[in-house]
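Structure file upload.txt (compact mmCIF, C-alpha atoms and all ligand atoms) is printed below.
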```txt
# COMPACT_ATOMS: atom_id res chain seq x y z
CA MET A 544 -78.14 59.90 -14.83
CA PHE A 545 -80.02 56.74 -15.88
CA ARG A 546 -82.08 56.84 -19.07
CA LEU A 547 -84.17 53.70 -18.76
CA LYS A 548 -86.58 54.56 -21.60
CA LYS A 549 -83.96 54.29 -24.36
CA GLN A 550 -82.46 51.00 -23.11
CA GLY A 551 -83.38 47.54 -24.34
CA PRO A 552 -84.97 45.04 -21.92
CA ILE A 553 -81.68 43.32 -20.99
CA ALA A 554 -79.82 46.58 -20.45
CA ARG A 555 -82.78 47.89 -18.44
CA PHE A 556 -82.76 44.74 -16.30
CA LEU A 557 -79.01 45.03 -15.70
CA THR A 558 -79.32 48.72 -14.80
CA LEU A 559 -82.11 48.01 -12.32
CA ALA A 560 -80.11 45.13 -10.83
CA ALA A 561 -77.10 47.46 -10.41
CA ILE A 562 -79.26 50.07 -8.65
CA LEU A 563 -80.75 47.47 -6.30
CA CYS A 564 -77.29 46.11 -5.60
CA ALA A 565 -75.96 49.60 -4.74
CA VAL A 566 -78.91 50.28 -2.41
CA TRP A 567 -78.48 46.89 -0.70
CA THR A 568 -74.73 47.45 -0.26
CA SER A 569 -75.26 50.84 1.37
CA VAL A 570 -77.92 49.38 3.72
CA CYS A 571 -75.51 46.62 4.76
CA ALA A 572 -72.66 49.10 5.15
CA ALA A 573 -74.64 51.25 7.64
CA GLU A 574 -73.12 50.39 10.97
CA ALA A 575 -75.36 48.61 13.45
CA MET A 576 -75.55 50.14 16.90
CA PRO A 577 -73.23 48.25 19.29
CA PRO A 578 -74.99 47.01 22.48
CA VAL A 579 -73.11 49.49 24.69
CA SER A 580 -74.59 52.40 22.74
CA TYR A 581 -78.10 51.49 23.89
CA THR A 582 -77.04 52.54 27.40
CA ALA A 583 -77.04 56.11 26.08
CA TYR A 584 -80.83 55.99 25.68
CA THR A 585 -81.08 54.77 29.28
CA SER A 586 -78.88 57.60 30.60
CA LEU A 587 -80.93 60.18 28.71
CA TYR A 588 -84.15 58.64 29.98
CA TRP A 589 -83.14 58.96 33.65
CA LEU A 590 -82.06 62.55 33.12
CA TRP A 591 -85.39 63.28 31.48
CA GLU A 592 -87.28 61.54 34.29
CA ALA A 593 -85.25 63.52 36.84
CA GLY A 594 -86.68 66.69 35.30
CA VAL A 595 -83.63 68.16 33.53
CA PRO A 596 -85.26 70.44 30.92
CA GLU A 597 -82.74 69.96 28.09
CA ALA A 598 -83.02 66.16 28.54
CA ALA A 599 -86.75 66.46 27.84
CA GLU A 600 -85.96 68.45 24.69
CA PHE A 601 -83.52 65.81 23.39
CA SER A 602 -85.83 62.93 24.33
CA GLU A 603 -88.78 64.46 22.53
CA ALA A 604 -86.66 65.23 19.46
CA ILE A 605 -85.29 61.65 19.35
CA GLY A 606 -88.76 60.25 20.01
CA GLY A 607 -90.14 59.76 23.52
CA GLU A 608 -91.06 56.12 22.85
CA LYS A 609 -87.58 55.25 21.66
CA VAL A 610 -85.94 56.76 24.75
CA SER A 611 -88.47 55.59 27.35
CA LEU A 612 -87.76 52.50 29.39
CA SER A 613 -90.71 50.17 29.47
CA LYS A 614 -91.61 49.99 33.15
CA ASP A 615 -92.90 46.44 32.74
CA SER A 616 -89.69 45.16 31.17
CA VAL A 617 -87.32 46.57 33.82
CA PRO A 618 -87.30 44.38 36.92
CA HIS A 619 -87.79 46.44 40.12
CA TYR A 620 -88.39 49.61 38.09
CA GLU A 621 -90.04 51.54 40.93
CA GLU A 622 -87.14 50.82 43.29
CA LEU A 623 -84.47 51.64 40.72
CA ALA A 624 -85.93 54.87 39.36
CA PRO A 625 -85.10 57.31 42.21
CA VAL A 626 -81.54 55.95 42.50
CA ASN A 627 -80.78 56.16 38.80
CA LYS A 628 -82.32 59.60 38.39
CA LEU A 629 -80.12 60.89 41.19
CA TYR A 630 -76.92 59.16 40.03
CA ILE A 631 -77.19 60.26 36.41
CA GLU A 632 -78.21 63.81 37.29
CA MET A 633 -75.39 64.15 39.86
CA ARG A 634 -72.68 63.22 37.38
CA TYR A 635 -74.22 65.31 34.58
CA ALA A 636 -74.73 68.41 36.74
CA ALA A 637 -71.33 68.16 38.44
CA LEU A 638 -69.45 68.24 35.13
CA ASN A 639 -71.56 71.11 33.77
CA GLU A 640 -70.92 73.05 36.97
CA TYR A 641 -67.18 72.38 36.73
CA ILE A 642 -67.09 73.72 33.15
CA ALA A 643 -68.96 76.90 34.09
CA GLY A 644 -67.09 77.40 37.39
CA ASN A 645 -63.73 77.15 35.64
CA ARG A 646 -64.91 79.28 32.71
CA TYR A 647 -63.98 76.79 30.03
CA GLN A 648 -64.96 77.96 26.56
CA ASN A 649 -64.31 74.56 24.99
CA VAL A 650 -65.81 71.20 25.87
CA LEU A 651 -64.90 67.81 24.42
CA ASP A 652 -67.47 65.29 25.64
CA VAL A 653 -66.03 61.80 25.08
CA ALA A 654 -68.60 59.01 24.54
CA CYS A 655 -71.26 61.71 24.64
CA GLY A 656 -74.15 59.42 23.66
CA PHE A 657 -77.36 61.44 23.81
CA ALA A 658 -76.42 63.52 26.84
CA PRO A 659 -77.92 66.98 26.35
CA ARG A 660 -74.70 68.71 27.45
CA SER A 661 -74.36 70.16 23.94
CA ILE A 662 -77.62 72.09 24.39
CA ALA A 663 -76.58 73.45 27.77
CA MET A 664 -73.11 74.44 26.56
CA ALA A 665 -74.23 76.07 23.31
CA ARG A 666 -76.83 78.12 25.18
CA GLN A 667 -74.11 79.31 27.56
CA GLY A 668 -72.07 80.43 24.52
CA ARG A 669 -69.44 77.66 24.82
CA MET A 670 -68.00 75.55 22.01
CA PHE A 671 -68.87 71.86 22.22
CA VAL A 672 -67.58 68.77 20.45
CA GLY A 673 -69.16 65.40 21.24
CA THR A 674 -67.61 62.08 20.18
CA ASP A 675 -69.09 58.60 20.03
CA PHE A 676 -69.62 55.68 17.63
CA ALA A 677 -71.14 56.35 14.20
CA PRO A 678 -74.77 55.25 14.83
CA SER A 679 -75.15 57.47 17.92
CA ILE A 680 -73.55 60.44 16.19
CA ALA A 681 -75.77 60.02 13.13
CA GLU A 682 -78.88 59.99 15.30
CA ILE A 683 -77.92 62.98 17.43
CA ARG A 684 -77.01 65.06 14.39
CA THR A 685 -80.53 64.67 13.01
CA VAL A 686 -82.23 66.04 16.15
CA LEU A 687 -79.96 69.00 16.79
CA PRO A 688 -81.88 71.45 14.56
CA ASP A 689 -85.03 70.73 16.64
CA CYS A 690 -83.29 71.85 19.82
CA LEU A 691 -80.89 74.66 18.93
CA SER A 692 -81.09 77.88 16.91
CA ARG A 693 -78.83 78.12 13.85
CA LYS A 694 -76.45 80.35 15.76
CA GLN A 695 -76.25 77.86 18.65
CA GLN A 696 -75.77 74.94 16.25
CA LYS A 697 -72.59 76.61 14.98
CA ARG A 698 -71.10 76.11 18.46
CA VAL A 699 -71.80 72.37 18.42
CA HIS A 700 -70.06 69.65 16.47
CA TYR A 701 -70.49 65.89 16.71
CA ALA A 702 -67.62 63.71 15.52
CA ILE A 703 -67.43 59.96 15.00
CA ALA A 704 -64.50 58.79 17.11
CA ASP A 705 -63.79 55.64 19.03
CA ALA A 706 -62.24 56.85 22.29
CA LYS A 707 -59.46 54.29 21.71
CA ASP A 708 -58.53 55.86 18.36
CA ARG A 709 -55.80 58.47 18.86
CA VAL A 710 -56.13 60.04 15.41
CA GLY A 711 -59.93 60.35 15.50
CA MET A 712 -59.90 61.78 19.01
CA MET A 713 -57.22 64.35 18.16
CA ARG A 714 -59.09 65.34 15.00
CA ALA A 715 -62.20 65.97 17.10
CA ALA A 716 -60.25 68.00 19.68
CA ASP A 717 -58.58 70.04 16.95
CA ARG A 718 -61.94 71.58 16.11
CA LEU A 719 -61.54 73.53 19.34
CA GLU A 720 -59.18 76.45 19.89
CA GLY A 721 -57.73 77.07 23.34
CA PRO A 722 -57.75 74.97 26.51
CA VAL A 723 -60.27 72.15 26.48
CA CYS A 724 -62.35 70.67 29.26
CA ILE A 725 -62.62 66.98 28.42
CA THR A 726 -65.70 65.48 30.04
CA MET A 727 -66.71 61.85 30.30
CA ASP A 728 -69.61 60.25 32.09
CA GLY A 729 -70.40 56.61 31.64
CA LEU A 730 -67.59 55.16 29.49
CA MET A 731 -64.74 53.65 31.53
CA MET A 732 -66.89 50.90 33.10
CA TYR A 733 -67.50 49.43 29.63
CA LEU A 734 -63.79 49.07 28.81
CA THR A 735 -61.09 46.58 29.74
CA ARG A 736 -58.12 47.83 31.78
CA GLU A 737 -56.00 47.89 28.61
CA GLU A 738 -58.62 49.91 26.73
CA GLN A 739 -58.91 52.32 29.67
CA ALA A 740 -55.15 52.88 29.45
CA THR A 741 -55.37 53.57 25.71
CA VAL A 742 -58.15 56.12 26.26
CA LEU A 743 -56.10 57.83 28.98
CA LYS A 744 -53.08 58.02 26.64
CA ASN A 745 -55.26 59.62 23.95
CA ILE A 746 -56.60 62.14 26.45
CA LYS A 747 -53.06 62.90 27.60
CA ALA A 748 -52.02 63.65 24.01
CA ILE A 749 -54.95 66.06 23.63
CA LEU A 750 -54.17 67.83 26.91
CA GLU A 751 -50.49 68.14 25.94
CA LYS A 752 -51.46 69.81 22.67
CA HIS A 753 -54.43 71.93 23.77
CA GLY A 754 -54.08 72.41 27.53
CA GLY A 755 -57.01 72.10 29.90
CA ALA A 756 -58.24 69.27 32.09
CA TYR A 757 -60.06 65.95 31.89
CA VAL A 758 -62.86 65.77 34.46
CA THR A 759 -64.93 62.72 35.25
CA SER A 760 -66.71 60.71 37.90
CA ASP A 761 -66.20 57.51 35.88
CA PHE A 762 -63.51 55.97 38.08
CA LEU A 763 -65.93 56.12 41.00
CA ALA A 764 -69.13 55.09 39.23
CA ARG A 765 -69.80 52.25 41.66
CA GLU A 766 -69.34 54.57 44.66
CA PHE A 767 -71.69 57.12 43.06
CA VAL A 768 -74.44 54.56 42.53
CA LYS A 769 -73.97 53.10 46.01
CA ALA A 770 -74.09 56.59 47.53
CA ALA A 771 -77.24 57.46 45.56
CA THR A 772 -78.80 54.20 46.76
CA ALA A 773 -77.93 55.03 50.37
CA VAL A 774 -79.63 58.44 50.04
CA VAL A 775 -82.90 56.86 48.95
CA TYR A 776 -82.92 53.64 51.00
CA ASP A 777 -81.95 52.36 54.44
CA ASP A 778 -78.71 50.41 54.75
CA LYS A 779 -80.50 47.05 54.67
CA ASP A 780 -81.94 47.68 51.17
CA ALA A 781 -79.14 49.76 49.67
CA GLN A 782 -76.81 46.90 48.68
CA ARG A 783 -79.63 44.91 47.04
CA VAL A 784 -80.90 47.90 45.03
CA TYR A 785 -77.35 48.77 43.95
CA ARG A 786 -76.89 45.24 42.51
CA GLN A 787 -80.24 45.39 40.70
CA SER A 788 -79.26 48.70 39.17
CA ALA A 789 -75.83 47.44 38.03
CA GLU A 790 -77.46 44.36 36.47
CA MET A 791 -79.75 46.54 34.35
CA TYR A 792 -76.75 48.21 32.65
CA GLU A 793 -74.67 45.01 32.52
CA LYS A 794 -77.47 43.27 30.64
CA THR A 795 -77.96 46.11 28.17
CA ALA A 796 -74.26 46.43 27.37
CA ASN A 797 -73.29 42.79 27.94
CA VAL A 798 -70.46 43.60 30.37
CA ASP A 799 -69.29 42.66 33.85
CA PHE A 800 -68.78 45.85 35.88
CA ASP A 801 -66.83 44.12 38.63
CA LYS A 802 -64.00 43.49 36.15
CA ALA A 803 -63.93 47.14 35.03
CA PHE A 804 -64.06 48.79 38.44
CA PHE A 805 -61.07 49.49 40.64
CA ALA A 806 -60.98 48.14 44.19
CA ASP A 807 -61.02 51.68 45.56
CA ALA A 808 -60.19 55.29 44.72
CA ASP A 809 -56.49 54.87 45.59
CA GLU A 810 -56.11 52.02 43.10
CA ALA A 811 -57.86 54.09 40.42
CA GLN A 812 -55.59 57.05 41.14
CA LYS A 813 -52.44 54.92 40.84
CA PHE A 814 -53.67 53.60 37.50
CA ILE A 815 -54.34 57.10 36.12
CA GLU A 816 -50.96 58.35 37.38
CA SER A 817 -49.22 55.36 35.79
CA GLN A 818 -50.29 56.80 32.42
CA GLY A 819 -48.25 59.94 33.16
CA LEU A 820 -51.21 62.08 34.27
CA LYS A 821 -51.68 64.22 37.37
CA VAL A 822 -54.75 63.55 39.48
CA LYS A 823 -56.62 65.84 41.87
CA ARG A 824 -59.77 64.96 43.80
CA ILE A 825 -62.06 67.99 43.73
CA PRO A 826 -65.45 68.68 45.36
CA LEU A 827 -68.44 67.38 43.45
CA PHE A 828 -69.92 70.88 43.42
CA GLN A 829 -67.99 74.08 43.99
CA ARG A 830 -71.16 75.96 45.02
CA PRO A 831 -74.60 74.89 46.31
CA VAL A 832 -76.53 73.23 43.48
CA ALA A 833 -80.17 72.14 43.61
CA LEU A 834 -80.85 68.82 41.89
CA GLN A 835 -84.16 68.19 40.13
CA SER A 836 -84.24 64.58 41.28
CA ALA A 837 -84.32 65.70 44.93
CA LYS A 838 -87.70 67.37 44.57
CA ASP A 839 -89.60 64.23 45.63
CA PHE A 840 -87.29 63.43 48.56
CA ASN A 841 -88.49 63.48 52.16
CA PHE A 842 -86.57 65.46 54.76
CA GLY A 843 -84.32 62.53 55.77
CA GLN A 844 -83.37 61.74 52.17
CA TYR A 845 -82.72 65.40 51.48
CA GLN A 846 -80.37 65.66 54.47
CA LYS A 847 -78.49 62.54 53.38
CA LEU A 848 -78.12 64.04 49.90
CA GLU A 849 -76.67 67.26 51.27
CA SER A 850 -73.99 65.41 53.24
CA LEU A 851 -73.32 63.16 50.26
CA LYS A 852 -72.47 66.20 48.14
CA ASN A 853 -69.57 66.83 50.54
CA GLU A 854 -68.39 63.22 50.51
CA LEU A 855 -68.30 62.45 46.78
CA PHE A 856 -65.68 63.97 44.53
CA LEU A 857 -64.70 64.33 40.88
CA TRP A 858 -61.36 63.52 39.32
CA GLU A 859 -59.59 66.51 37.77
CA ILE A 860 -56.85 65.07 35.57
CA THR A 861 -54.15 67.14 33.88
CA VAL A 862 -50.72 66.74 32.34
CA GLY A 863 -49.25 69.00 35.00
CA ASN A 864 -46.28 71.30 34.42
C1 LIG A 901 -73.77 54.99 29.35
S1 LIG A 901 -73.66 55.77 27.79
C2 LIG A 901 -73.23 57.40 28.35
C3 LIG A 901 -73.58 58.44 27.34
C4 LIG A 901 -73.42 59.88 27.86
N1 LIG A 901 -72.07 60.18 28.22
C5 LIG A 901 -74.35 60.15 28.99
O1 LIG A 901 -73.90 60.36 30.10
O2 LIG A 901 -75.55 60.17 28.77
C6 LIG A 901 -72.12 55.11 27.15
C7 LIG A 901 -71.73 55.70 25.80
O3 LIG A 901 -70.39 55.32 25.53
C8 LIG A 901 -70.28 55.11 24.13
N2 LIG A 901 -69.07 54.31 23.91
C9 LIG A 901 -68.79 53.07 24.37
N3 LIG A 901 -67.55 52.69 24.00
C10 LIG A 901 -67.03 53.73 23.28
C11 LIG A 901 -65.79 53.95 22.63
N4 LIG A 901 -64.82 53.03 22.63
N5 LIG A 901 -65.62 55.13 21.99
C12 LIG A 901 -66.58 56.07 21.96
N6 LIG A 901 -67.78 55.92 22.57
C13 LIG A 901 -68.00 54.76 23.22
C14 LIG A 901 -71.57 54.42 23.79
O4 LIG A 901 -71.83 54.45 22.41
C15 LIG A 901 -72.55 55.23 24.62
O5 LIG A 901 -73.02 56.33 23.91
```

Show the structure stored in the file as structure tokens.
Ligand SMILES: C[S@@+](CC[C@H](N)C(=O)[O-])C[C@H]1O[C@@H](n2cnc3c(N)ncnc32)[C@H](O)[C@@H]1O
Amino acid sequence: MFRLKKQGPIARFLTLAAILCAVWTSVCAAEAMPPVSYTAYTSLYWLWEAGVPEAAEFSEAIGGEKVSLSKDSVPHYEELAPVNKLYIEMRYAALNEYIAGNRYQNVLDVACGFAPRSIAMARQGRMFVGTDFAPSIAEIRTVLPDCLSRKQQKRVHYAIADAKDRVGMMRAADRLEGPVCITMDGLMMYLTREEQATVLKNIKAILEKHGGAYVTSDFLAREFVKAATAVVYDDKDAQRVYRQSAEMYEKTANVDFDKAFFADADEAQKFIESQGLKVKRIPLFQRPVALQSAKDFNFGQYQKLESLKNELFLWEITVGN
């Protein structure tokens, strides 16, 4: 405890200087948000715009203005909106459906950002651990009490862990007891091939210890966005709108998606298998699922969406027997 009153002027000055120095050091030590983490606001925004209720809850708790994309600052906003709402909702809903359909009690959401999966899982009575970089985790932890009851909050834990860090990832997984469903949407495209391999090795170690499966659409992100574009637009516009959409994320995160993506699904599968993992392509949805973002579609778009649900698939990745 500091007792400034009984100190002389020099001692008082030195004490004050020490306090200011400590405050300044802690401000500097607080990690700045890396550019890639800003994409998490964008993902949440599209989910919110799509009409996913728990995304609205998270967005409002974080601060609507912080999450909202400024329509004036996003080139071609009106064209991009229906595609991005559909893409982000498809991948979010498909993983949630997989967890429920396979009755997983434990979810490890890698690079969770601000996805509201924790809310959905806790309300279904499942245990949830989300991992991401420190600034995102700090922010999400502050809004959780606004969205979940105390009982539900006990089912949710957010851990700081770089997906490339084996020890941090295992520590996060060890908070869960029993087989784990590892989910990931929107990480692999921001990593180099070498980093992708490291993340897969870390996931393999978790699956070997805990059992369960790693489920993602990440290795097909480009195909998902292209398919979403083709639902909304005719062939002649689809390619152009896909490129505009990719550029929006590339600019935010300062990456080149073409380097991160695989040429096709077979190449991606070989890569995953080369890390000693077993790969299965499973239906996007195991039962009929209505998507919020389809509510504004005309009949033709709706029909294209229904056939798309049968064409796209998720990767179910395990360590096998
Ligand atoms: C496009 S956002 C997706 C967030 C969330 N999964 C969603 O669907 O809304 C990408 C997220 O990956 C996180 N991220 C990027 N590299 C990471 C790494 N090496 N380890 C952990 N998280 C990472 C970012 O901080 C960001 O939250």

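With all atoms listed in the file as the atoms that count, the residue of A:Ser692, A:Arg634, A:Val784, A:Asn745 with the shortest distance to Tyr620 in chain A is A:Val784.
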
- Item | Point-to-point distance from CA of Lys847 in chain A to atom C4 of ligand LIG 901 (chain A), Å rounded to tenths |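 Distance reported for this atom pair: 26.2 Å.
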
- Task: Show which residues sit within 10 Å of Ala643 in chain A, as a ChimeraX atom specification. Count all atoms listed in the file, and ignore same-chain residues fewer than 3 positions away.
- Result: /A:638-640,646-648,664,667,669

- Query: Which residues, written as an MDAnalysis selection string, have at least one atom at most 9 Å from Leu750 in chain A, with all atoms listed in the file counted and residues fewer than 4 positions away on the same chain left out?
  - Reply: chainID A and resid 722:725 745:746 754:757 861:862

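Each of A:Ser788, A:Thr582, A:Gln812, A:Thr759 was compared to ligand LIG 901 (chain A) using only C-alpha atoms and all ligand atoms, and A:Thr582 turns out to be the nearest.
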
Using all atoms listed in the file, tabulate the residues of chain A lying at most 9 Å from any atom of ligand LIG 901 (chain A), each with its closest atom pair and that distance in Å to one decimal, by chain and increasing residue number, as JSON lines.
```
{"residue": "A:Met576", "atom": "CA", "partner": "A:LIG901", "partner_atom": "O4", "distance": 7.9}
{"residue": "A:Pro577", "atom": "CA", "partner": "A:LIG901", "partner_atom": "O4", "distance": 7.1}
{"residue": "A:Pro578", "atom": "CA", "partner": "A:LIG901", "partner_atom": "O4", "distance": 8.1}
{"residue": "A:Val579", "atom": "CA", "partner": "A:LIG901", "partner_atom": "C14", "distance": 5.2}
{"residue": "A:Ser580", "atom": "CA", "partner": "A:LIG901", "partner_atom": "O4", "distance": 3.5}
{"residue": "A:Tyr581", "atom": "CA", "partner": "A:LIG901", "partner_atom": "C15", "distance": 6.7}
{"residue": "A:Thr582", "atom": "CA", "partner": "A:LIG901", "partner_atom": "C1", "distance": 4.5}
{"residue": "A:Ala583", "atom": "CA", "partner": "A:LIG901", "partner_atom": "S1", "distance": 3.8}
{"residue": "A:Tyr584", "atom": "CA", "partner": "A:LIG901", "partner_atom": "O2", "distance": 7.4}
{"residue": "A:Thr585", "atom": "CA", "partner": "A:LIG901", "partner_atom": "C1", "distance": 7.3}
{"residue": "A:Ser586", "atom": "CA", "partner": "A:LIG901", "partner_atom": "O2", "distance": 4.6}
{"residue": "A:Leu587", "atom": "CA", "partner": "A:LIG901", "partner_atom": "O2", "distance": 5.4}
{"residue": "A:Tyr588", "atom": "CA", "partner": "A:LIG901", "partner_atom": "O2", "distance": 8.8}
{"residue": "A:Leu590", "atom": "CA", "partner": "A:LIG901", "partner_atom": "O2", "distance": 8.2}
{"residue": "A:Ile631", "atom": "CA", "partner": "A:LIG901", "partner_atom": "O1", "distance": 7.1}
{"residue": "A:Arg634", "atom": "CA", "partner": "A:LIG901", "partner_atom": "O1", "distance": 7.9}
{"residue": "A:Tyr635", "atom": "CA", "partner": "A:LIG901", "partner_atom": "O1", "distance": 6.7}
{"residue": "A:Asp652", "atom": "CA", "partner": "A:LIG901", "partner_atom": "N1", "distance": 7.3}
{"residue": "A:Val653", "atom": "CA", "partner": "A:LIG901", "partner_atom": "C12", "distance": 6.5}
{"residue": "A:Ala654", "atom": "CA", "partner": "A:LIG901", "partner_atom": "N6", "distance": 3.8}
{"residue": "A:Cys655", "atom": "CA", "partner": "A:LIG901", "partner_atom": "N1", "distance": 4.0}
{"residue": "A:Gly656", "atom": "CA", "partner": "A:LIG901", "partner_atom": "O5", "distance": 3.3}
{"residue": "A:Phe657", "atom": "CA", "partner": "A:LIG901", "partner_atom": "O2", "distance": 5.4}
{"residue": "A:Ala658", "atom": "CA", "partner": "A:LIG901", "partner_atom": "O2", "distance": 4.0}
{"residue": "A:Pro659", "atom": "CA", "partner": "A:LIG901", "partner_atom": "O2", "distance": 7.6}
{"residue": "A:Arg660", "atom": "CA", "partner": "A:LIG901", "partner_atom": "O2", "distance": 8.7}
{"residue": "A:Thr674", "atom": "CA", "partner": "A:LIG901", "partner_atom": "C12", "distance": 6.4}
{"residue": "A:Asp675", "atom": "CA", "partner": "A:LIG901", "partner_atom": "N6", "distance": 3.9}
{"residue": "A:Phe676", "atom": "CA", "partner": "A:LIG901", "partner_atom": "N6", "distance": 5.3}
{"residue": "A:Ala677", "atom": "CA", "partner": "A:LIG901", "partner_atom": "O4", "distance": 8.5}
{"residue": "A:Pro678", "atom": "CA", "partner": "A:LIG901", "partner_atom": "O4", "distance": 8.2}
{"residue": "A:Ser679", "atom": "CA", "partner": "A:LIG901", "partner_atom": "O4", "distance": 6.3}
{"residue": "A:Ile680", "atom": "CA", "partner": "A:LIG901", "partner_atom": "O5", "distance": 8.8}
{"residue": "A:Ile703", "atom": "CA", "partner": "A:LIG901", "partner_atom": "C12", "distance": 8.0}
{"residue": "A:Ala704", "atom": "CA", "partner": "A:LIG901", "partner_atom": "C12", "distance": 5.9}
{"residue": "A:Asp705", "atom": "CA", "partner": "A:LIG901", "partner_atom": "N5", "distance": 3.5}
{"residue": "A:Ala706", "atom": "CA", "partner": "A:LIG901", "partner_atom": "N5", "distance": 3.8}
{"residue": "A:Lys707", "atom": "CA", "partner": "A:LIG901", "partner_atom": "N4", "distance": 5.6}
{"residue": "A:Asp708", "atom": "CA", "partner": "A:LIG901", "partner_atom": "N5", "distance": 8.0}
{"residue": "A:Thr726", "atom": "CA", "partner": "A:LIG901", "partner_atom": "N1", "distance": 8.5}
{"residue": "A:Met727", "atom": "CA", "partner": "A:LIG901", "partner_atom": "N1", "distance": 6.0}
{"residue": "A:Asp728", "atom": "CA", "partner": "A:LIG901", "partner_atom": "N1", "distance": 4.6}
{"residue": "A:Gly729", "atom": "CA", "partner": "A:LIG901", "partner_atom": "C1", "distance": 4.4}
{"residue": "A:Leu730", "atom": "CA", "partner": "A:LIG901", "partner_atom": "O3", "distance": 4.9}
{"residue": "A:Met731", "atom": "CA", "partner": "A:LIG901", "partner_atom": "N3", "distance": 8.1}
{"residue": "A:Met732", "atom": "CA", "partner": "A:LIG901", "partner_atom": "C1", "distance": 8.8}
{"residue": "A:Tyr733", "atom": "CA", "partner": "A:LIG901", "partner_atom": "N3", "distance": 6.5}
{"residue": "A:Leu734", "atom": "CA", "partner": "A:LIG901", "partner_atom": "N3", "distance": 7.1}
{"residue": "A:Glu738", "atom": "CA", "partner": "A:LIG901", "partner_atom": "N4", "distance": 8.1}
{"residue": "A:Val742", "atom": "CA", "partner": "A:LIG901", "partner_atom": "N4", "distance": 8.2}
{"residue": "A:Tyr792", "atom": "CA", "partner": "A:LIG901", "partner_atom": "C1", "distance": 8.1}
{"residue": "A:Ala796", "atom": "CA", "partner": "A:LIG901", "partner_atom": "C1", "distance": 8.8}
```

- For each of A:Ala624, A:Ala764, A:Val686, A:Ala636, take the minimum atom-to-atom distance to Ala663 in chain A, counting only C-alpha atoms, then give the residue where this is smallest. A:Ala636

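Proximity to Asp801 in chain A was assessed for A:Ala789, A:Val710, A:Val775, A:Leu612 counting only C-alpha atoms; the smallest distance is recorded for A:Ala789.
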
- Message: Which residue is closest to Leu687 in chain A? Choose from A:Arg714, A:Arg765, A:His753, A:His700 and count all atoms listed in the file.
- Response: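 Checking each candidate against Leu687 in chain A, we get A:His700 as the closest.
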